[in-house]
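**Q** For reference, the structure I am asking about is given below.
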2 protein chains.
Amino acid sequence: AYKRMPRSVEGLKGAGEWHVLKTLVPNLANTNVLDLGCGFGWHSRYFHDLGANQVIGIDLSEKMIQTAREMTNQEGIDFRQGAIEDIEFKAGSFDVIFSSLALHYVKSYQEVVRNVKQLLAPKGVFLFSVEHPIFTARAEQDWIYDSKGNIDHWPIDDYQAESIRQTSFLTDHVVKYHRTLTTYLNTLLEAGFLIERIEEPKPDPAILAQNPEYKQELRRPMFLIIKAKVR
Amino acid sequence: AYKRMPRSVEGLKGAGEWHVLKTLVPNLANTNVLDLGCGFGWHSRYFHDLGANQVIGIDLSEKMIQTAREMTNQEGIDFRQGAIEDIEFKAGSFDVIFSSLALHYVKSYQEVVRNVKQLLAPKGVFLFSVEHPIFTARAEQDWIYDSKGNIDHWPIDDYQAESIRQTSFLTDHVVKYHRTLTTYLNTLLEAGFLIERIEEPKPDPAILAQNPEYKQELRRPMFLIIKAKVR
């Protein structure tokens, strides 16, 4: 099912937050980059094209890693199967660590952040997107509709309860972890990061003009992007 | 009506976010403090008691400023009637600028932040609370109830539409300004602040134990607190 999503087929252009995320990518010339939850490797290839020396992409799914390898012919990109929580590299190995929509599947965000901090070189950048806490708060993760089936509003509930959310996104029994905004940001600050920028992307105006149904994405933020730098 | 709220009658202890906010107050010994939207002056007096040299409290309401003066007998606290947007002091005059639940009434947050930055001394602290963007997004600013009148969830709508919200909080025709989290944080970063900490306070556990109805405050964040420091 994930394979048929626009972002899987069309790559970066098929991702509604890409027009914002790409503006936050730092200068990658001669850098080492780690891509946590790389999926089919779209971002890894993009980073390599931007001049990164070495890109390592990690994903839990053996199938995705296989497909990523098949789709990639550049030297200097290395895809490895594994859990984000289990990565082991020499301290200070990377200039940029990136993650797109993967960290809300990870049980211990704190652990990942501490690990990322260790793996980054001085002034290293940690850039990631997650599903927005407003999006993940209520287990149902769906709009409230009126009696005619039109969207009425987006519901929030259990915001302060940081725990598992069982949802039925694409396939059944997806386990996500809801975290508050406070946790996303203060964990970074406590680990020794500076917050450089946050974004709650709106739809790309060009896409919005052609697809009015995207207007609903102005009603609630779906993604949260954070750019942090080693202090 | 505002005069009868717990926070107005009981002071700081009557404010549901105070147990969190107070942990973020920096060392005030020998500091100059500015309190934007000081109301009856509870925070100003507290800051003075903590050792601040000079506290200036500003509020738009002449009545509140009068009451604040009547309630205050310490030297070194100066209450002045005026708009937050219109404050004028010498650059670098303050070590700490504070604001409790006032900035969502101000039309230009950007202007206030730039002004605050100017008025702060090097390493100066800007500590403020506002109604949370999740709270201000939908104009009605009320829960959705089920058919029995029980709270079902908190609704979000028009999140990305940063503009006036007409609500009927306490008195009719209160004008608030909804801003996204992105605006609250990036405006500070762009003005030259470091983000030190953010909080979305939960109810005080002690109060929660005695008043189970406060549990509903775990379902959505009502307040956002930001502590920032001049870079």
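The chains in the structure tokens are called A, B, ... from first to last as shown; in each chain the residues are counted from 1, and the ligands are counted from 1 in the order shown.
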Using only C-alpha atoms, find each residue of chain A with at least one atom at most 8 Å away from an atom of chain B; report its shortest atom-to-atom pair and that distance in Å (one decimal), sort the rows by chain and rising residue number, and return the result as a tab-separated table.
**A**
residue	atom	partner	partner_atom	distance
A:Ile134	CA	B:Ile134	CA	7.9
A:His153	CA	B:Asp157	CA	5.4
A:Trp154	CA	B:Ile156	CA	5.0
A:Pro155	CA	B:Pro155	CA	4.7
A:Ile156	CA	B:Trp154	CA	5.0
A:Asp157	CA	B:Arg219	CA	4.7
A:Asp158	CA	B:Arg219	CA	4.1
A:Tyr159	CA	B:Arg219	CA	5.1
A:Gln160	CA	B:Leu218	CA	5.2
A:Ala161	CA	B:Leu218	CA	7.3
A:Thr182	CA	B:Glu199	CA	5.6
A:Leu185	CA	B:Ile198	CA	7.3
A:Asn186	CA	B:Arg197	CA	6.1
A:Leu189	CA	B:Glu196	CA	7.1
A:Leu194	CA	B:Leu194	CA	7.4
A:Ile195	CA	B:Ile195	CA	6.5
A:Glu196	CA	B:Leu189	CA	7.1
A:Arg197	CA	B:Asn186	CA	6.1
A:Ile198	CA	B:Thr182	CA	5.9
A:Glu199	CA	B:Thr182	CA	5.6
A:Glu200	CA	B:Thr182	CA	6.4
A:Lys202	CA	B:Gln160	CA	7.4
A:Leu218	CA	B:Gln160	CA	5.2
A:Arg219	CA	B:Asp158	CA	4.1
A:Arg220	CA	B:Tyr159	CA	5.1
A:Pro221	CA	B:Tyr159	CA	6.9
**Q** What does the file look like for those residues with C-alpha atoms, as a compact mmCIF listing (two decimals), in the first residue's frame?
**A**
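Once everything was written out, this is selection-v4.txt:
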# COMPACT_ATOMS: atom_id res chain seq x y z
CA ILE A 134 -1.94 17.75 16.55
CA HIS A 153 -13.09 20.13 11.91
CA TRP A 154 -10.03 18.25 13.12
CA PRO A 155 -10.34 16.64 16.57
CA ILE A 156 -7.74 16.63 19.34
CA ASP A 157 -7.84 14.42 22.39
CA ASP A 158 -5.45 12.89 24.93
CA TYR A 159 -2.80 15.40 23.89
CA GLN A 160 -0.78 15.04 27.10
CA ALA A 161 -0.88 11.21 27.02
CA THR A 182 7.20 20.09 24.24
CA LEU A 185 11.67 20.39 21.29
CA ASN A 186 12.88 20.13 24.89
CA LEU A 189 17.50 21.30 23.89
CA LEU A 194 20.11 24.60 19.26
CA ILE A 195 16.71 24.95 17.61
CA GLU A 196 17.35 26.63 14.26
CA ARG A 197 13.89 26.55 12.71
CA ILE A 198 10.56 24.84 12.93
CA GLU A 199 7.92 24.51 10.21
CA GLU A 200 4.33 23.36 9.99
CA LYS A 202 1.12 24.51 4.31
CA LEU A 218 -4.89 24.68 5.90
CA ARG A 219 -7.32 23.60 8.63
CA ARG A 220 -4.83 21.62 10.71
CA PRO A 221 -1.09 21.03 10.51
**Q** When DSSP is applied to the backbone of this structure, which of region 33-206 of chain A are assigned alpha helix (DSSP H)? Write them out as JSON, numbers by chain.
**A** {"A": [42, 43, 44, 45, 46, 47, 48, 49, 62, 63, 64, 65, 66, 67, 68, 69, 70, 109, 110, 111, 112, 113, 114, 115, 116, 117, 118, 119, 133, 134, 135, 136, 181, 182, 183, 184, 185, 186, 187, 188, 189, 190, 191, 205, 206]}
**Q** What's around region 91-108 of chain B at 8 Å? Count only C-alpha atoms, leave out sequence neighbours fewer than 4 positions away in its own chain, and write the answer as a count of residues only.
**A** 31
**Q** Quick one: everything within 8 Å of Ala139 (chain A), counting only C-alpha atoms, minus sequence neighbours fewer than 6 positions away in the same chain. Send it as JSON, numbers by chain.
**A** {"A": [165, 166, 167]}
**Q** Write to file, as a JSON list (two decimals), in the first residue's frame, the residues of the selection just made, with all heavy atoms.
**A**
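Below you can see again33.json, which holds the result:
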[["chain", "number", "residue", "atom", "x", "y", "z"],
["A", 165, "ARG", "N", -0.27, 4.94, 19.70],
["A", 165, "ARG", "CA", -1.55, 5.13, 19.03],
["A", 165, "ARG", "C", -1.67, 4.04, 17.98],
["A", 165, "ARG", "O", -0.83, 3.94, 17.08],
["A", 165, "ARG", "CB", -1.61, 6.50, 18.33],
["A", 165, "ARG", "CG", -1.49, 7.70, 19.26],
["A", 165, "ARG", "CD", -2.70, 7.85, 20.16],
["A", 165, "ARG", "NE", -2.70, 9.10, 20.90],
["A", 165, "ARG", "CZ", -2.11, 9.31, 22.08],
["A", 165, "ARG", "NH1", -1.43, 8.34, 22.65],
["A", 165, "ARG", "NH2", -2.20, 10.48, 22.67],
["A", 166, "GLN", "N", -2.68, 3.22, 18.11],
["A", 166, "GLN", "CA", -2.95, 2.18, 17.12],
["A", 166, "GLN", "C", -3.83, 2.81, 16.04],
["A", 166, "GLN", "O", -4.94, 3.22, 16.32],
["A", 166, "GLN", "CB", -3.73, 1.01, 17.74],
["A", 166, "GLN", "CG", -3.02, 0.36, 18.90],
["A", 166, "GLN", "CD", -2.20, -0.86, 18.49],
["A", 166, "GLN", "OE1", -1.97, -1.07, 17.29],
["A", 166, "GLN", "NE2", -1.77, -1.63, 19.45],
["A", 167, "THR", "N", -3.33, 2.88, 14.83],
["A", 167, "THR", "CA", -4.16, 3.45, 13.77],
["A", 167, "THR", "C", -4.23, 2.46, 12.62],
["A", 167, "THR", "O", -3.53, 1.47, 12.58],
["A", 167, "THR", "CB", -3.59, 4.78, 13.25],
["A", 167, "THR", "OG1", -2.31, 4.51, 12.69],
["A", 167, "THR", "CG2", -3.46, 5.79, 14.35]]
**Q** When you look at Arg45 (chain B) with a cut-off of 9 Å (counting only C-alpha atoms), what residues show up, excluding the ones that are within fewer than 6 positions of it in the same chain? I need them as a list in words.
**A**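 Final neighbour list, sorted by chain and number: Val55, Thr72, Gln74 and Ile77 of chain B.
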**Q** Residues of region 24-211 of chain B classed as strand (DSSP E) by DSSP on the backbone are to be reported as a PyMOL selection string.
**A** chain B and resi 32-36+54-59+77-81+94-100+120-131+144-145+151-156+164-167+174-177+193-199
**Q** From the set A:Glu140, A:Phe89, A:Leu50, A:Ile151, which residue has the shortest atom-to-atom contact distance to Lys215 (chain A), counting only C-alpha atoms?
**A** A:Ile151
**Q** What is the CA of Glu62 (chain B) to CA of Gln81 (chain B) distance in Å?
**A**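 Separating CA of Glu62 (chain B) from CA of Gln81 (chain B) is a distance of 5.7 Å.
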**Q** Residues within 10 Å of Ser8 (chain B), please, as a compact mmCIF listing (two decimals) with N, CA and C atoms, in the first residue's frame. Count only C-alpha atoms; anything in the same chain fewer than 5 positions from it doesn't count.
**A**
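After the write, out-v9.txt holds the following:
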# COMPACT_ATOMS: atom_id res chain seq x y z
N ALA B 1 -15.70 40.96 35.13
CA ALA B 1 -15.72 39.50 35.08
C ALA B 1 -14.30 38.95 35.33
N TYR B 2 -13.33 39.59 34.68
CA TYR B 2 -11.95 39.16 34.86
C TYR B 2 -11.55 39.24 36.33
N LYS B 3 -12.11 40.22 37.02
CA LYS B 3 -11.78 40.43 38.43
C LYS B 3 -12.16 39.26 39.31
N LYS B 13 -1.28 31.60 42.55
CA LYS B 13 -1.72 30.24 42.86
C LYS B 13 -3.02 29.88 42.16
N GLY B 14 -3.78 30.89 41.79
CA GLY B 14 -5.04 30.63 41.10
C GLY B 14 -4.88 30.42 39.61
N ALA B 15 -3.65 30.49 39.11
CA ALA B 15 -3.41 30.31 37.68
C ALA B 15 -2.90 28.90 37.42
N GLY B 39 -1.63 43.33 34.43
CA GLY B 39 -2.90 43.13 35.13
C GLY B 39 -2.86 43.73 36.53
N PHE B 40 -3.22 42.95 37.52
CA PHE B 40 -3.24 43.45 38.90
C PHE B 40 -1.85 43.42 39.54
N GLY B 41 -0.86 43.03 38.81
CA GLY B 41 0.52 43.16 39.30
C GLY B 41 1.06 41.99 40.10
N TRP B 42 0.37 40.85 40.06
CA TRP B 42 0.81 39.69 40.86
C TRP B 42 2.23 39.28 40.50
**Q** Go ahead and compute the interatomic distance for CA of Ala191 (chain A) and CA of Lys117 (chain A), in Å to one decimal.
**A**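 Computing it gives 7.0 Å between the two atoms.
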